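Raw contents of input_6.cif, mmCIF, C-alpha atoms:
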data_data
#
loop_
_atom_site.label_atom_id
_atom_site.label_comp_id
_atom_site.auth_asym_id
_atom_site.auth_seq_id
_atom_site.Cartn_x
_atom_site.Cartn_y
_atom_site.Cartn_z
CA MET A 1 0.20 19.07 -21.14
CA GLY A 2 -1.89 20.87 -18.54
CA GLN A 3 -3.53 18.93 -15.76
CA GLU A 4 -6.97 19.18 -17.32
CA ALA A 5 -5.83 17.97 -20.73
CA GLU A 6 -3.91 15.13 -19.12
CA TYR A 7 -6.98 14.16 -17.13
CA GLU A 8 -9.08 14.05 -20.29
CA GLN A 9 -6.43 11.97 -22.05
CA ARG A 10 -6.42 9.50 -19.17
CA VAL A 11 -10.21 9.26 -19.19
CA ARG A 12 -9.94 8.22 -22.85
CA ASP A 13 -7.07 5.80 -22.24
CA PHE A 14 -8.81 4.06 -19.33
CA THR A 15 -12.17 3.64 -21.04
CA GLY A 16 -13.13 0.01 -20.50
CA TYR A 17 -10.87 -0.39 -17.48
CA GLN A 18 -13.56 0.29 -14.87
CA VAL A 19 -14.14 -2.76 -12.65
CA THR A 20 -17.78 -3.79 -13.02
CA GLU A 21 -19.89 -6.92 -12.56
CA MET A 22 -20.30 -7.09 -16.31
CA LEU A 23 -16.56 -6.97 -16.96
CA CYS A 24 -15.96 -9.83 -14.53
CA ARG A 25 -18.88 -11.88 -15.85
CA GLU A 26 -17.84 -11.45 -19.47
CA GLY A 27 -14.19 -12.00 -18.67
CA GLY A 28 -14.93 -15.21 -16.79
CA ALA A 29 -13.84 -14.27 -13.28
CA HIS A 30 -14.65 -16.81 -10.58
CA PRO A 31 -18.40 -16.45 -9.78
CA ASP A 32 -17.51 -15.56 -6.16
CA TRP A 33 -14.77 -13.09 -7.03
CA LYS A 34 -13.87 -10.52 -4.38
CA PHE A 35 -12.87 -6.91 -4.84
CA MET A 36 -10.07 -5.04 -3.03
CA HIS A 37 -9.19 -1.35 -3.18
CA CYS A 38 -6.76 0.64 -1.03
CA LEU A 39 -9.08 3.69 -0.93
CA PRO A 40 -9.94 6.46 -1.40
CA ARG A 41 -11.89 5.18 -4.37
CA LYS A 42 -13.15 7.10 -7.38
CA LYS A 43 -16.17 5.93 -9.30
CA HIS A 44 -14.39 5.76 -12.64
CA GLU A 45 -12.20 2.93 -11.31
CA VAL A 46 -14.99 0.76 -9.96
CA ASP A 47 -18.74 1.21 -10.16
CA ASP A 48 -21.18 1.27 -7.23
CA GLU A 49 -22.66 -2.15 -7.99
CA VAL A 50 -19.34 -3.83 -7.19
CA LEU A 51 -19.09 -2.08 -3.83
CA ILE A 52 -22.65 -2.99 -2.86
CA ARG A 53 -21.90 -6.72 -3.22
CA ILE A 54 -18.98 -6.55 -0.79
CA SER A 55 -19.20 -9.35 1.74
CA TYR A 56 -17.47 -8.80 5.02
CA MET B 1 28.12 0.14 12.51
CA ALA B 2 25.52 -2.53 11.94
CA VAL B 3 23.50 -2.36 8.74
CA VAL B 4 20.24 -0.55 9.40
CA PRO B 5 17.23 -2.42 7.98
CA HIS B 6 14.88 -0.28 5.89
CA LEU B 7 11.66 -1.11 4.08
CA MET B 8 11.24 0.54 0.69
CA THR B 9 9.39 -2.31 -1.04
CA LEU B 10 8.40 -5.88 -0.16
CA ALA B 11 11.00 -6.93 -2.76
CA ASP B 12 13.47 -6.19 0.07
CA LEU B 13 11.92 -8.90 2.26
CA SER B 14 12.19 -12.68 1.98
CA VAL B 15 9.06 -14.84 1.88
CA PRO B 16 9.50 -15.94 5.53
CA GLN B 17 9.92 -12.29 6.57
CA ILE B 18 6.72 -11.31 4.75
CA HIS B 19 4.90 -14.22 6.34
CA ARG B 20 6.17 -13.26 9.78
CA ALA B 21 5.07 -9.65 9.32
CA VAL B 22 1.55 -10.71 8.29
CA SER B 23 1.27 -13.32 11.08
CA HIS B 24 2.41 -10.78 13.66
CA ALA B 25 -0.03 -8.19 12.30
CA TYR B 26 -2.84 -10.75 12.65
CA HIS B 27 -1.83 -11.42 16.24
CA LEU B 28 -1.61 -7.70 17.09
CA LYS B 29 -4.91 -6.95 15.37
CA GLN B 30 -6.70 -9.49 17.55
CA LEU B 31 -5.25 -7.91 20.68
CA SER B 32 -5.78 -4.33 19.51
CA THR B 33 -9.30 -4.38 18.12
CA PRO B 34 -11.04 -4.46 21.57
CA TRP B 35 -8.99 -1.39 22.53
CA LEU B 36 -9.38 0.47 19.26
CA ALA B 37 -12.97 -0.34 18.39
CA PRO B 38 -14.84 -1.88 21.36
CA GLN B 39 -18.13 -1.20 19.56
CA LEU B 40 -17.23 -3.91 17.04
CA GLY B 41 -17.32 -6.60 19.74
CA SER B 42 -20.12 -9.07 20.40
CA GLY B 43 -21.74 -6.85 23.03
CA LYS B 44 -20.28 -8.43 26.07
CA GLN B 45 -17.19 -6.89 27.57
CA PRO B 46 -14.17 -8.36 25.75
CA ARG B 47 -11.19 -9.43 27.75
CA LEU B 48 -8.66 -6.70 27.17
CA ARG B 49 -5.16 -7.96 26.64
CA MET B 50 -2.21 -5.65 26.29
CA PRO B 51 -0.12 -5.98 23.14
CA SER B 52 3.60 -6.34 23.84
CA GLN B 53 5.07 -2.93 24.63
CA SER B 54 7.73 -3.26 21.95
CA LEU B 55 7.83 0.51 21.38
CA PHE B 56 8.00 1.37 25.10
CA ASN B 57 9.56 4.81 25.48
CA LYS B 58 10.28 4.92 21.76
CA SER B 59 9.38 7.72 19.39
CA ILE B 60 8.63 7.09 15.72
CA ALA B 61 8.79 10.05 13.35
CA LEU B 62 5.95 10.13 10.85
CA LEU B 63 7.44 12.18 8.07
CA PHE B 64 4.47 13.01 5.88
CA SER B 65 4.66 15.65 3.21
CA LYS B 66 1.51 14.25 1.59
CA ARG B 67 -1.99 13.91 2.92
CA SER B 68 -3.12 10.70 4.52
CA THR B 69 -6.08 9.42 6.50
CA ARG B 70 -5.67 5.68 7.00
CA THR B 71 -1.91 5.48 7.11
CA ARG B 72 -1.56 8.28 9.61
CA LEU B 73 -4.34 7.00 11.86
CA ALA B 74 -3.00 3.45 11.77
CA ALA B 75 0.56 4.52 12.50
CA GLU B 76 -0.35 6.84 15.36
CA THR B 77 -2.74 4.42 17.08
CA ALA B 78 -0.33 1.50 16.57
CA ALA B 79 2.55 3.37 18.18
CA LEU B 80 0.36 4.21 21.17
CA LEU B 81 -0.82 0.62 21.66
CA LEU B 82 2.75 -0.67 21.47
CA GLY B 83 3.75 1.69 24.25
CA GLY B 84 5.48 4.31 22.13
CA ARG B 85 4.64 7.55 20.51
CA ALA B 86 4.33 8.71 16.91
CA LEU B 87 5.49 12.24 16.16
CA PHE B 88 3.60 13.56 13.18
CA LEU B 89 5.89 15.85 11.21
CA GLY B 90 4.01 17.41 8.33
CA LYS B 91 5.63 19.42 5.60
CA ASP B 92 4.96 22.70 7.39
CA ASP B 93 6.29 21.43 10.71
CA ILE B 94 9.93 20.77 9.97
CA GLN B 95 12.72 22.07 7.78
CA LEU B 96 13.01 19.04 5.50
CA GLY B 97 13.43 20.09 1.93
CA VAL B 98 13.16 23.80 2.66
CA ASN B 99 16.54 24.67 4.04
CA GLU B 100 17.76 21.37 5.39
CA SER B 101 19.09 18.44 3.42
CA PRO B 102 17.70 14.91 3.73
CA ARG B 103 21.06 13.94 5.23
CA ASP B 104 20.87 16.47 8.06
CA THR B 105 17.19 15.80 8.69
CA ALA B 106 17.74 12.03 8.82
CA ARG B 107 20.59 12.42 11.29
CA VAL B 108 18.71 14.80 13.56
CA ILE B 109 15.60 12.61 13.61
CA GLY B 110 17.74 9.51 14.05
CA GLY B 111 19.39 11.08 17.09
CA MET B 112 16.09 11.28 18.95
CA CYS B 113 13.63 8.90 17.28
CA GLN B 114 14.04 5.17 16.88
CA GLY B 115 12.29 4.82 13.55
CA ILE B 116 10.97 6.83 10.60
CA PHE B 117 7.75 6.15 8.69
CA ALA B 118 7.94 8.32 5.60
CA ARG B 119 5.48 9.48 2.99
CA VAL B 120 7.41 12.14 1.20
CA GLY B 121 7.13 13.34 -2.35
CA ASP B 122 9.30 12.36 -5.24
CA HIS B 123 7.48 13.70 -8.23
CA SER B 124 9.03 17.15 -8.37
CA GLU B 125 9.74 17.04 -12.11
CA ILE B 126 6.03 16.78 -12.70
CA GLU B 127 5.34 19.75 -10.48
CA VAL B 128 7.75 21.80 -12.56
CA ARG B 129 6.16 20.67 -15.78
CA GLU B 130 2.68 21.33 -14.49
CA THR B 131 3.49 24.71 -13.02
CA SER B 132 3.73 27.76 -15.17
CA SER B 133 3.75 30.75 -12.86
CA PHE B 134 7.06 32.17 -11.86
CA LEU B 135 6.09 32.13 -8.21
CA ASN B 136 5.33 28.43 -8.12
CA LEU B 137 8.39 27.54 -10.08
CA HIS B 138 10.46 29.57 -7.67
CA LEU B 139 8.93 27.78 -4.69
CA HIS B 140 9.65 24.50 -6.36
CA ILE B 141 13.33 25.29 -6.72
CA LEU B 142 13.47 25.97 -3.01
CA THR B 143 11.89 22.56 -2.41
CA PRO B 144 14.18 19.87 -3.75
CA ALA B 145 12.80 16.42 -4.25
CA ILE B 146 13.10 14.39 -1.10
CA ARG B 147 13.07 10.70 -1.70
CA THR B 148 12.41 8.04 0.86
CA GLN B 149 15.51 6.29 -0.46
CA GLU B 150 17.61 9.35 0.30
CA LEU B 151 16.37 9.42 3.88
CA ALA B 152 17.14 5.73 4.20
CA LYS B 153 20.63 6.26 2.84
CA TYR B 154 21.55 8.63 5.64
CA SER B 155 19.29 7.51 8.47
CA PRO B 156 20.87 5.74 11.46
CA VAL B 157 17.44 4.29 12.30
CA PRO B 158 15.06 2.17 10.17
CA VAL B 159 13.06 4.02 7.51
CA LEU B 160 9.79 2.43 6.44
CA SER B 161 8.11 3.70 3.31
CA ALA B 162 4.52 4.73 3.88
CA LEU B 163 4.08 5.04 0.09
CA SER B 164 6.30 6.41 -2.65
CA SER B 165 5.60 6.99 -6.31
CA LEU B 166 7.04 3.55 -7.17
CA TRP B 167 6.13 1.34 -4.22
CA HIS B 168 3.58 0.86 -1.47
CA PRO B 169 4.78 -2.01 0.72
CA THR B 170 2.50 -1.43 3.71
CA GLN B 171 -0.60 -1.48 1.49
CA VAL B 172 0.25 -4.91 0.14
CA LEU B 173 1.03 -6.20 3.65
CA ALA B 174 -2.43 -4.95 4.70
CA ASP B 175 -4.02 -6.56 1.62
CA LEU B 176 -2.30 -9.85 2.46
CA LEU B 177 -3.68 -9.67 5.99
CA THR B 178 -7.17 -9.05 4.55
CA LEU B 179 -6.83 -12.03 2.20
CA HIS B 180 -5.70 -14.34 5.01
CA GLU B 181 -8.51 -13.12 7.27
CA HIS B 182 -10.97 -14.00 4.51
CA ALA B 183 -9.24 -17.23 3.44
CA HIS B 184 -12.46 -19.18 4.19
CA LEU B 185 -14.22 -17.32 1.36
CA PHE B 186 -11.91 -19.06 -1.09
CA GLU B 187 -12.40 -22.51 0.52
CA PRO B 188 -16.15 -23.14 0.60
CA SER B 189 -15.67 -26.25 2.73
CA THR B 190 -13.71 -24.47 5.46
CA PRO B 191 -15.66 -22.56 8.11
CA PRO B 192 -14.35 -19.17 9.22
CA ALA B 193 -11.97 -19.15 12.18
CA GLY B 194 -13.83 -19.67 15.44
CA PRO B 195 -13.83 -17.38 18.47
CA THR B 196 -10.49 -16.74 20.04
CA THR B 197 -9.53 -19.32 22.60
CA LYS B 198 -8.89 -18.02 26.08
CA GLY B 199 -5.56 -16.30 26.54
CA GLN B 200 -4.35 -17.16 23.06
CA THR B 201 -4.64 -15.54 19.70
CA GLU B 202 -5.65 -17.49 16.62
CA GLU B 203 -3.01 -18.56 14.16
CA LEU B 204 -3.07 -16.78 10.81
CA PRO B 205 -5.55 -18.70 8.61
CA LYS B 206 -3.85 -20.39 5.68
CA LEU B 207 -4.53 -18.96 2.26
CA ARG B 208 -4.68 -21.20 -0.77
CA PRO B 209 -3.00 -20.10 -4.02
CA LEU B 210 -5.26 -17.58 -5.74
CA THR B 211 -5.60 -15.88 -9.08
CA ILE B 212 -5.42 -12.15 -8.45
CA ALA B 213 -6.28 -9.66 -11.20
CA TYR B 214 -5.33 -6.00 -11.38
CA VAL B 215 -7.02 -3.64 -13.83
CA GLY B 216 -5.80 -0.05 -14.13
CA ASP B 217 -2.54 1.89 -14.18
CA SER B 218 0.90 0.53 -13.38
CA ALA B 219 1.27 2.28 -10.04
CA ASN B 220 2.76 1.80 -6.60
CA VAL B 221 0.26 -0.72 -5.17
CA LEU B 222 0.52 -2.93 -8.26
CA HIS B 223 4.31 -2.72 -8.15
CA ASP B 224 4.47 -4.24 -4.68
CA MET B 225 1.90 -6.86 -5.73
CA LEU B 226 4.20 -7.83 -8.63
CA VAL B 227 7.20 -8.54 -6.40
CA THR B 228 5.17 -10.26 -3.67
CA TYR B 229 2.16 -12.34 -4.72
CA PRO B 230 3.97 -14.63 -7.19
CA ARG B 231 6.53 -15.54 -4.49
CA LEU B 232 3.64 -16.55 -2.22
CA GLY B 233 2.22 -18.87 -4.88
CA HIS B 234 -0.46 -16.63 -6.34
CA ASN B 235 -0.99 -15.99 -10.03
CA LEU B 236 -1.20 -12.36 -11.05
CA ARG B 237 -3.08 -11.13 -14.13
CA VAL B 238 -2.68 -7.48 -15.08
CA ALA B 239 -4.34 -5.27 -17.68
CA THR B 240 -3.13 -1.73 -18.32
CA PRO B 241 -3.76 0.46 -21.38
CA PRO B 242 -1.23 -0.39 -24.11
CA LYS B 243 0.67 2.94 -24.07
CA PRO B 244 4.27 2.89 -22.74
CA ALA B 245 3.25 5.32 -19.96
CA TYR B 246 1.09 2.64 -18.37
CA GLN B 247 3.65 -0.17 -18.30
CA ALA B 248 5.82 -1.07 -15.29
CA PRO B 249 8.85 1.24 -14.93
CA THR B 250 12.24 -0.42 -15.50
CA PRO B 251 13.37 -0.28 -11.83
CA VAL B 252 10.19 -2.16 -10.89
CA TRP B 253 10.41 -4.78 -13.61
CA ASP B 254 14.09 -5.37 -12.78
CA ARG B 255 13.07 -6.41 -9.25
CA VAL B 256 10.22 -8.54 -10.65
CA LYS B 257 12.68 -10.47 -12.84
CA GLU B 258 15.35 -10.69 -10.16
CA LEU B 259 12.81 -12.40 -7.88
CA LYS B 260 11.59 -14.60 -10.77
CA CYS B 261 8.06 -13.30 -10.22
CA ASP B 262 7.48 -12.76 -13.95
CA GLU B 263 6.83 -16.50 -14.41
CA LYS B 264 3.52 -16.14 -12.58
CA ILE B 265 2.46 -12.84 -14.14
CA TRP B 266 0.23 -12.43 -17.18
CA TRP B 267 0.25 -8.86 -18.49
CA GLY B 268 -1.87 -7.56 -21.33
CA ALA B 269 -4.13 -4.74 -22.42
CA ASP B 270 -7.51 -6.49 -22.24
CA PRO B 271 -9.28 -6.12 -18.87
CA LYS B 272 -11.60 -9.05 -19.67
CA GLU B 273 -8.68 -11.33 -20.29
CA ALA B 274 -7.05 -10.12 -17.07
CA VAL B 275 -10.00 -11.03 -14.85
CA HIS B 276 -10.29 -14.52 -16.34
CA GLY B 277 -10.45 -17.03 -13.49
CA ALA B 278 -9.83 -14.30 -10.92
CA ASN B 279 -10.66 -14.94 -7.27
CA VAL B 280 -9.77 -11.35 -6.42
CA VAL B 281 -9.90 -8.20 -8.53
CA VAL B 282 -7.90 -5.15 -7.50
CA THR B 283 -7.71 -1.65 -8.90
CA ASP B 284 -6.37 1.73 -7.86
CA THR B 285 -6.60 5.34 -8.91
CA TRP B 286 -5.39 5.77 -12.47
CA TYR B 287 -5.34 9.51 -12.28
CA SER B 288 -2.33 9.38 -10.02
CA SER B 289 1.08 8.41 -11.23
CA SER B 290 1.87 11.62 -13.06
CA THR B 291 -0.34 14.13 -11.35
CA LEU B 292 -0.47 16.19 -8.22
CA PHE B 293 -3.13 13.85 -6.86
CA ILE B 294 -0.54 11.14 -6.58
CA PHE B 295 -0.90 10.76 -2.84
CA GLY B 296 -4.61 11.52 -2.69
#

Using the file provided, produce a representation of the structure as structure tokens.
Amino acid sequence: MGQEAEYEQRVRDFTGYQVTEMLCREGGAHPDWKFMHCLPRKKHEVDDEVLIRISY
Amino acid sequence: MAVVPHLMTLADLSVPQIHRAVSHAYHLKQLSTPWLAPQLGSGKQPRLRMPSQSLFNKSIALLFSKRSTRTRLAAETAALLLGGRALFLGKDDIQLGVNESPRDTARVIGGMCQGIFARVGDHSEIEVRETSSFLNLHLHILTPAIRTQELAKYSPVPVLSALSSLWHPTQVLADLLTLHEHAHLFEPSTPPAGPTTKGQTEELPKLRPLTIAYVGDSANVLHDMLVTYPRLGHNLRVATPPKPAYQAPTPVWDRVKELKCDEKIWWGADPKEAVHGANVVVTDTWYSSSTLFIFG
């Protein structure tokens, strides 16, 4: 499989695996849940809303 | 000859060793921050205290065949503050893997440097599979896979992994430090640690047992989480897509079982189920483990 085809396959396989507020609300995460990522981050892994709520 | 300690994964360390590493990192971070980032201080001139010069006159080889921002910066500035020097050896700087074996390279470096911090590739099979042109294939054959483990096998000085395709011990040590630094966020009744008392550094804040969720691919950061967090009392909940390609590789799961970490791990395919009750949610790049972007 070429890189592009593999990328597209992965996009399909990881649909629904993006970390979002909605996922954590619906899944019943603790209301004050924190997010960690080793960076660099790509948007398909975690959406912008999650990063905006980061508390230092 | 004495056994040389290496660090390939946190599975190699005992719980007290992990705790000591994180506590020492917390201590060094307090001493180092006013030197490294004075602009982060309160405005008034902080009292500069010198970290112990434990690397005085020592050279640490940073063997990086993959790109890095954070790891390289952290390693180079840390070596300087500890009184030593980091020698950055990129893939175009030395002979490793071109016409010198890992054995020879490890011995030469070990004859002049006192430690090796290595981020070298070990996904050559994928490069072959992904590469069609004769030229690239030819170049690949001239570039045998160099594994951190191979370096460690022959090195007379400690080799620390700065990421491999299977493990990422320093990332999970850093994550543990972050969690301890923010321990008060998980204990609403406990105020954050106060200002540093004169001449002393604060003790590492205690961290209560947490539920930590990971959503994404079974990759190096998760693998070190699997062999570490359960031993420290944390529950781990993981969701990866159900295909075999996204499950933990056998060498990883063997270490998980050996350390009896599997008792505190829930693993499924549903991300919602994984984040249930989570205090912390972690993810990582999923376009990584079988691609050229692996070390992106």

Within 6 Å of chain A, which residues of chain B show up when using all atoms listed in the file, listed as a PyMOL selection string? chain B and resi 272-273+275-283

I need the residues from that last selection saved to file as a PDB file, keeping the file's coordinate frame (with C-alpha atoms), if you can.
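Contents of part20.pdb, as written:
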ATOM      1  CA  LYS B 272     -11.600  -9.050 -19.670  1.00  0.00           C
ATOM      2  CA  GLU B 273      -8.680 -11.330 -20.290  1.00  0.00           C
ATOM      3  CA  VAL B 275     -10.000 -11.030 -14.850  1.00  0.00           C
ATOM      4  CA  HIS B 276     -10.290 -14.520 -16.340  1.00  0.00           C
ATOM      5  CA  GLY B 277     -10.450 -17.030 -13.490  1.00  0.00           C
ATOM      6  CA  ALA B 278      -9.830 -14.300 -10.920  1.00  0.00           C
ATOM      7  CA  ASN B 279     -10.660 -14.940  -7.270  1.00  0.00           C
ATOM      8  CA  VAL B 280      -9.770 -11.350  -6.420  1.00  0.00           C
ATOM      9  CA  VAL B 281      -9.900  -8.200  -8.530  1.00  0.00           C
ATOM     10  CA  VAL B 282      -7.900  -5.150  -7.500  1.00  0.00           C
ATOM     11  CA  THR B 283      -7.710  -1.650  -8.900  1.00  0.00           C
TER      12      THR B 283
END

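Of the listed residues (B:Trp286, B:Pro205, B:Trp167, B:Ser65), B:Trp286 comes nearest to Arg12 (chain A); the distances count only C-alpha atoms.
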
Expand the PyMOL selection byres ((chain B and resi 266) around 8) into the explicit residue set it covers here, and present it as a PyMOL selection string. chain B and resi 236-238+262+264-265+267-268+274

What is the distance between CA of Ala213 (chain B) and CA of Ala11 (chain B), in Å to one decimal?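 Spanning CA of Ala213 (chain B) to CA of Ala11 (chain B) is a straight-line distance of 19.4 Å.
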
Reference answer for the PyMOL selection byres ((chain B and resi 179) around 10), as a PyMOL selection string: (chain A and resi 34+36) or (chain B and resi 173-178+180-186+205-208+210+280)

Could you please determine the separation between CA of Leu89 (chain B) and CA of Leu63 (chain B) in Å, to one decimal place?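 About the pair CA of Leu89 (chain B) and CA of Leu63 (chain B): they are 5.1 Å apart.
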
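Rounded to one decimal, CA of Thr240 (chain B) and CA of Tyr214 (chain B) lie 8.4 Å from each other.
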
Just so the selection is clear, what residues does the PyMOL selection byres ((chain B and resi 234) around 9) cover here, as a count of residues only? 14

Long-range neighbours of Ser68 (chain B) as a PyMOL selection string, 12 Å cut-off, all atoms listed in the file, 4 positions minimum in chain: (chain A and resi 39-40) or (chain B and resi 62-64+72-76+88+90+118-120+162-163+293-296)

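With distances restricted to only C-alpha atoms, B:Met8 is the closest residue to Val252 (chain B) from B:Gly41, B:Met8, B:Gly83, B:Asp284.
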
I need the residue nearest Val227 (chain B) from this list: B:Ser14, B:Thr33, B:Ser42, B:Gln149. Use only C-alpha atoms for the distance.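 Closest to Val227 (chain B) of all the choices is B:Ser14.
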
Mind checking which residues fall within 10 Å of Asp104 (chain B), counting all atoms listed in the file, ignoring those fewer than 5 positions away in the same chain, and posting them as a ChimeraX atom specification? /B:95-96,109-110,151,154-155

Grab all the atoms of region 147-157 of chain B that the file lists, wrap them in a box along x, y and z, add 8 Å per side, and give me centre plus edge lengths in Å (one decimal) as lines of an AutoDock Vina configuration file.
center_x = 17.0
center_y = 7.5
center_z = 5.3
size_x = 25.1
size_y = 22.4
size_z = 30.0

Please complete region 1-26 of chain A with N, CA and C atoms and give it back as a short mmCIF file (atom, residue, chain, number, x, y, z; two decimals), in the coordinates of the input.
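Result file follows (selection_33.cif):
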data_model
loop_
_atom_site.label_atom_id
_atom_site.label_comp_id
_atom_site.auth_asym_id
_atom_site.auth_seq_id
_atom_site.Cartn_x
_atom_site.Cartn_y
_atom_site.Cartn_z
N MET A 1 1.66 19.24 -21.23
CA MET A 1 0.20 19.07 -21.14
C MET A 1 -0.29 19.57 -19.79
N GLY A 2 -1.33 20.40 -19.80
CA GLY A 2 -1.89 20.87 -18.54
C GLY A 2 -2.58 19.74 -17.80
N GLN A 3 -2.90 19.99 -16.56
CA GLN A 3 -3.53 18.93 -15.76
C GLN A 3 -4.87 18.49 -16.34
N GLU A 4 -5.63 19.50 -16.82
CA GLU A 4 -6.97 19.18 -17.32
C GLU A 4 -6.89 18.32 -18.58
N ALA A 5 -5.98 18.72 -19.48
CA ALA A 5 -5.83 17.97 -20.73
C ALA A 5 -5.33 16.56 -20.43
N GLU A 6 -4.43 16.44 -19.47
CA GLU A 6 -3.91 15.13 -19.12
C GLU A 6 -5.02 14.26 -18.53
N TYR A 7 -5.86 14.90 -17.72
CA TYR A 7 -6.98 14.16 -17.13
C TYR A 7 -7.89 13.61 -18.23
N GLU A 8 -8.19 14.49 -19.20
CA GLU A 8 -9.08 14.05 -20.29
C GLU A 8 -8.44 12.93 -21.10
N GLN A 9 -7.14 13.03 -21.32
CA GLN A 9 -6.43 11.97 -22.05
C GLN A 9 -6.53 10.65 -21.30
N ARG A 10 -6.35 10.73 -19.99
CA ARG A 10 -6.42 9.50 -19.17
C ARG A 10 -7.83 8.91 -19.19
N VAL A 11 -8.83 9.77 -19.13
CA VAL A 11 -10.21 9.26 -19.19
C VAL A 11 -10.40 8.45 -20.47
N ARG A 12 -9.84 8.95 -21.58
CA ARG A 12 -9.94 8.22 -22.85
C ARG A 12 -9.15 6.90 -22.78
N ASP A 13 -7.93 6.99 -22.26
CA ASP A 13 -7.07 5.80 -22.24
C ASP A 13 -7.64 4.69 -21.35
N PHE A 14 -8.33 5.06 -20.28
CA PHE A 14 -8.81 4.06 -19.33
C PHE A 14 -10.28 3.66 -19.56
N THR A 15 -10.81 4.09 -20.71
CA THR A 15 -12.17 3.64 -21.04
C THR A 15 -12.16 2.12 -21.18
N GLY A 16 -13.09 1.47 -20.47
CA GLY A 16 -13.13 0.01 -20.50
C GLY A 16 -12.37 -0.64 -19.37
N TYR A 17 -11.66 0.16 -18.58
CA TYR A 17 -10.87 -0.39 -17.48
C TYR A 17 -11.57 -0.24 -16.13
N GLN A 18 -12.82 0.20 -16.13
CA GLN A 18 -13.56 0.29 -14.87
C GLN A 18 -13.96 -1.13 -14.43
N VAL A 19 -13.75 -1.44 -13.16
CA VAL A 19 -14.14 -2.76 -12.65
C VAL A 19 -15.65 -2.77 -12.43
N THR A 20 -16.32 -3.67 -13.14
CA THR A 20 -17.78 -3.79 -13.02
C THR A 20 -18.15 -5.28 -12.97
N GLU A 21 -19.38 -5.54 -12.54
CA GLU A 21 -19.89 -6.92 -12.56
C GLU A 21 -19.84 -7.47 -13.98
N MET A 22 -20.23 -6.62 -14.93
CA MET A 22 -20.30 -7.09 -16.31
C MET A 22 -18.92 -7.49 -16.84
N LEU A 23 -17.93 -6.66 -16.53
CA LEU A 23 -16.56 -6.97 -16.96
C LEU A 23 -16.14 -8.35 -16.43
N CYS A 24 -16.42 -8.58 -15.14
CA CYS A 24 -15.96 -9.83 -14.53
C CYS A 24 -16.78 -11.02 -15.02
N ARG A 25 -18.06 -10.79 -15.32
CA ARG A 25 -18.88 -11.88 -15.85
C ARG A 25 -18.41 -12.23 -17.25
N GLU A 26 -18.26 -11.20 -18.08
CA GLU A 26 -17.84 -11.45 -19.47
C GLU A 26 -16.42 -11.98 -19.56
#
